[in-house]
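Engineer: Following this message is one structure expressed as structure tokens.
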Amino acid sequence: MKIISIIGILILLILSYSLIPTGILKIIYFGKVLKKQNRKNIYLTFDDGPTAEYTPLILSLLKEYNIKACFFMVSNFAQENPDIVNRIKDEGHTIGLHSSEHKNALLRGYGYMKKDFETSINTMEKLGVKPHYYRPPWGDFNLCSLYFIKKYKLKLVLWQVMAEDWSIKATPDTIKEKLLKRTKPGSIICLHDGRGAEDSPLKTYWALQYAIPALLAQGYTFKSLDKYYEKRTLS
């Protein structure tokens with residue numbers, strides 16, 4: 001009975017520390033499209049980069065359509081690709097923070113989270129970037145995450161549209177179809193320019209070749225995340 005009680009207490013602590021806060025905010029973002037707008041504005045974001053293999057391809061495609069996106073960067077990857085970071089800045093895109101090494105926060109304690117935020121922010125500032133937005137890896141966070149988000153005056157950004165472009169089962173067609181089916185006015189779209197299975201970001205690139213003109217034909221307008229936060233505050 002004593003062991004069962006200890007296990008129950010541990011489960012309760014984990015729920016209170018990470019799973020419940022994560023679940024509540026994910027429901028807010030995933031469960032509904034944000035407040036209806038007069039215009040069909042949508043917001044394109046990319047996680048897990050930058051990468052030398054894929055990010056430049058996506059940047060060239062965005063430039064072709066004059067679309068500004070937000071790149072949530074893993075600071076260790078940013079440090080390895082300073083030229084790409086500079087290109088993203090020069091082409092007018094927004095850069096957000098996506099941790100220092102892309103570790104899930106659900107069971108990470110205060111010490112780890114403190115180091116993760118300090119390291120990633122310092123790395124990005126050395127690259128000439130002062131992040132204003134934060135997206136946790138896998139969208140999972142804990143009470144310490146929320147504390148450091150507030151301490152560093154970051155805005156927590158999740159998403160409404162995920163096309164599972166990171167999956168080994170994903171193809172350009174499945175990614176495209178999910179984007180077209182799930183996107184609604186006001187949606188923040190989450191895609192990836194790094195990591196994933198079997199060249200996943202390349203599949204994302206090919207999917208966007210078709211999805212971008214299709215969404216434009218449906219009357220959608222791609223806006224930057226900065227424009228989104230001119231009128232709304234979610235964190």
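Convention: chains lettered A, B, ... in structure tokens order; per-chain residue numbering from 1; ligands numbered from 1 as shown.
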Please list as a ChimeraX atom specification every residue within 12 Å of Glu125 (chain A), counting only C-alpha atoms and excluding residues in the same chain fewer than 4 positions away.
Structural biologist: /A:75,78-79,82,85,95-97,118-121,129-132
Engineer: Print the selection's residues with C-alpha atoms to a file, as an mmCIF file, in the first residue's frame.
Structural biologist:
```
data_model
loop_
_atom_site.group_PDB
_atom_site.id
_atom_site.type_symbol
_atom_site.label_atom_id
_atom_site.label_comp_id
_atom_site.auth_asym_id
_atom_site.auth_seq_id
_atom_site.Cartn_x
_atom_site.Cartn_y
_atom_site.Cartn_z
ATOM 1 C CA SER A 75 19.843 27.371 -30.917
ATOM 2 C CA ALA A 78 21.404 28.060 -35.401
ATOM 3 C CA GLN A 79 24.950 28.245 -34.073
ATOM 4 C CA PRO A 82 24.970 31.441 -38.937
ATOM 5 C CA VAL A 85 20.243 32.781 -39.706
ATOM 6 C CA ILE A 95 12.913 34.168 -35.627
ATOM 7 C CA GLY A 96 11.543 32.449 -32.540
ATOM 8 C CA LEU A 97 13.114 30.195 -29.917
ATOM 9 C CA GLU A 118 19.814 30.876 -20.706
ATOM 10 C CA THR A 119 21.916 28.951 -23.234
ATOM 11 C CA SER A 120 19.478 29.283 -26.120
ATOM 12 C CA ILE A 121 18.809 32.986 -25.562
ATOM 13 C CA VAL A 129 18.674 37.726 -32.738
ATOM 14 C CA LYS A 130 16.548 38.790 -29.787
ATOM 15 C CA PRO A 131 13.676 36.279 -29.714
ATOM 16 C CA HIS A 132 10.195 37.427 -28.708
#
```
Engineer: Sorted by chain and rising residue number, which residues of region 110-220 of chain A lie within 9 Å of region 17-26 of chain A, and what are their closest atom pairs and distances in Å to one decimal, counting only C-alpha atoms, as a Markdown table?
Structural biologist:
```
| residue | atom | partner | partner_atom | distance |
| --- | --- | --- | --- | --- |
| A:Gly139 | CA | A:Thr22 | CA | 7.6 |
| A:Asp140 | CA | A:Thr22 | CA | 5.7 |
| A:Phe141 | CA | A:Thr22 | CA | 5.8 |
| A:Asn142 | CA | A:Ser18 | CA | 4.0 |
| A:Leu143 | CA | A:Tyr17 | CA | 5.6 |
| A:Cys144 | CA | A:Tyr17 | CA | 8.3 |
| A:Leu158 | CA | A:Lys26 | CA | 7.5 |
| A:Trp159 | CA | A:Lys26 | CA | 8.5 |
```
Engineer: Set out as CSV a contact list for region 68-169 of chain A and region 186-202 of chain A with a cut-off of 10 Å, giving each residue of region 68-169 of chain A that qualifies its closest atom pair and distance in Å to one decimal, counting only C-alpha atoms, ordered by chain and rising residue number.
Structural biologist:
```
residue,atom,partner,partner_atom,distance
A:Ala69,CA,A:Ile189,CA,9.9
A:Cys70,CA,A:Cys190,CA,9.6
A:Phe71,CA,A:Asp193,CA,8.4
A:Phe72,CA,A:His192,CA,9.1
A:Met73,CA,A:Gly194,CA,9.3
A:Val74,CA,A:Gly194,CA,9.4
A:Phe77,CA,A:Gly194,CA,9.1
A:Val157,CA,A:Ile188,CA,8.8
A:Leu158,CA,A:Ile188,CA,7.7
A:Trp159,CA,A:Ile188,CA,4.9
A:Gln160,CA,A:Ile188,CA,5.4
A:Val161,CA,A:Ile189,CA,4.7
A:Met162,CA,A:Cys190,CA,5.3
A:Ala163,CA,A:Leu191,CA,7.0
A:Glu164,CA,A:Leu191,CA,7.9
A:Asp165,CA,A:Ser200,CA,6.3
A:Trp166,CA,A:Gly196,CA,4.4
A:Ser167,CA,A:Ala197,CA,6.1
A:Ile168,CA,A:Ala197,CA,5.0
A:Lys169,CA,A:Ala197,CA,8.7
```
Engineer: Output C-alpha atoms for every residue in the selection just made, as a compact mmCIF listing (two decimals), in the first residue's frame.
Structural biologist:
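Written output follows (again10.txt):
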```
# COMPACT_ATOMS: atom_id res chain seq x y z
CA ALA A 69 7.17 33.15 -41.90
CA CYS A 70 8.43 32.54 -38.37
CA PHE A 71 11.31 30.11 -37.88
CA PHE A 72 11.43 28.60 -34.39
CA MET A 73 15.09 27.68 -34.12
CA VAL A 74 16.96 25.16 -32.03
CA PHE A 77 21.45 24.29 -34.97
CA VAL A 157 3.21 30.15 -29.44
CA LEU A 158 1.62 26.78 -30.26
CA TRP A 159 -0.46 26.13 -33.38
CA GLN A 160 -3.83 25.13 -34.79
CA VAL A 161 -2.63 23.24 -37.88
CA MET A 162 -0.15 20.37 -37.82
CA ALA A 163 0.31 18.30 -40.97
CA GLU A 164 2.48 15.59 -39.35
CA ASP A 165 5.18 16.42 -41.88
CA TRP A 166 7.79 14.91 -39.53
CA SER A 167 6.29 11.40 -39.74
CA ILE A 168 7.97 8.56 -41.59
CA LYS A 169 4.57 7.90 -43.19
```
Engineer: Find the residues around region 221-224 of chain A up to 8 Å (only C-alpha atoms counted), leave out those fewer than 5 positions away in its own chain, and share them as a list in words.
Structural biologist: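 Contacts, with the query itself left out: Arg39, Lys40, Asn41, Ile42, Tyr43, Leu44, Ile67, Lys68, Ala69, Cys70, His93, Thr94 and Leu216 of chain A.
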Engineer: Using only N, CA and C atoms, please write the residues we just selected to a file, as a CSV table (one decimal), in the first residue's frame.
Structural biologist:
```csv
chain,number,residue,atom,x,y,z
A,39,ARG,N,-10.8,39.0,-42.6
A,39,ARG,CA,-9.9,38.5,-43.7
A,39,ARG,C,-9.4,37.1,-43.4
A,40,LYS,N,-9.1,36.4,-44.4
A,40,LYS,CA,-8.6,35.0,-44.2
A,40,LYS,C,-7.1,35.0,-44.1
A,41,ASN,N,-6.6,35.5,-42.9
A,41,ASN,CA,-5.2,35.6,-42.7
A,41,ASN,C,-4.8,34.3,-42.0
A,42,ILE,N,-3.6,33.8,-42.4
A,42,ILE,CA,-3.0,32.6,-41.8
A,42,ILE,C,-1.5,32.9,-41.6
A,43,TYR,N,-0.9,32.1,-40.7
A,43,TYR,CA,0.4,32.4,-40.2
A,43,TYR,C,1.3,31.1,-40.3
A,44,LEU,N,2.3,31.2,-41.1
A,44,LEU,CA,3.2,30.0,-41.4
A,44,LEU,C,4.4,30.0,-40.5
A,67,ILE,N,6.2,35.6,-49.1
A,67,ILE,CA,5.6,35.2,-47.8
A,67,ILE,C,6.6,35.3,-46.7
A,68,LYS,N,6.2,35.9,-45.6
A,68,LYS,CA,7.0,36.0,-44.4
A,68,LYS,C,6.6,35.0,-43.3
A,69,ALA,N,7.5,34.2,-42.9
A,69,ALA,CA,7.2,33.1,-41.9
A,69,ALA,C,7.9,33.4,-40.6
A,70,CYS,N,7.7,32.5,-39.6
A,70,CYS,CA,8.4,32.5,-38.4
A,70,CYS,C,9.2,31.2,-38.3
A,93,HIS,N,12.0,37.6,-42.3
A,93,HIS,CA,11.3,36.6,-41.5
A,93,HIS,C,11.5,36.9,-40.0
A,94,THR,N,10.6,36.3,-39.2
A,94,THR,CA,10.7,36.4,-37.8
A,94,THR,C,11.4,35.1,-37.3
A,216,LEU,N,-3.6,30.2,-51.5
A,216,LEU,CA,-3.8,31.6,-52.1
A,216,LEU,C,-5.0,31.6,-53.0
```
Engineer: From a backbone DSSP assignment, name each residue in region 172-218 of chain A labelled strand (DSSP E), as a PyMOL selection string.
Structural biologist: chain A and resi 188-192
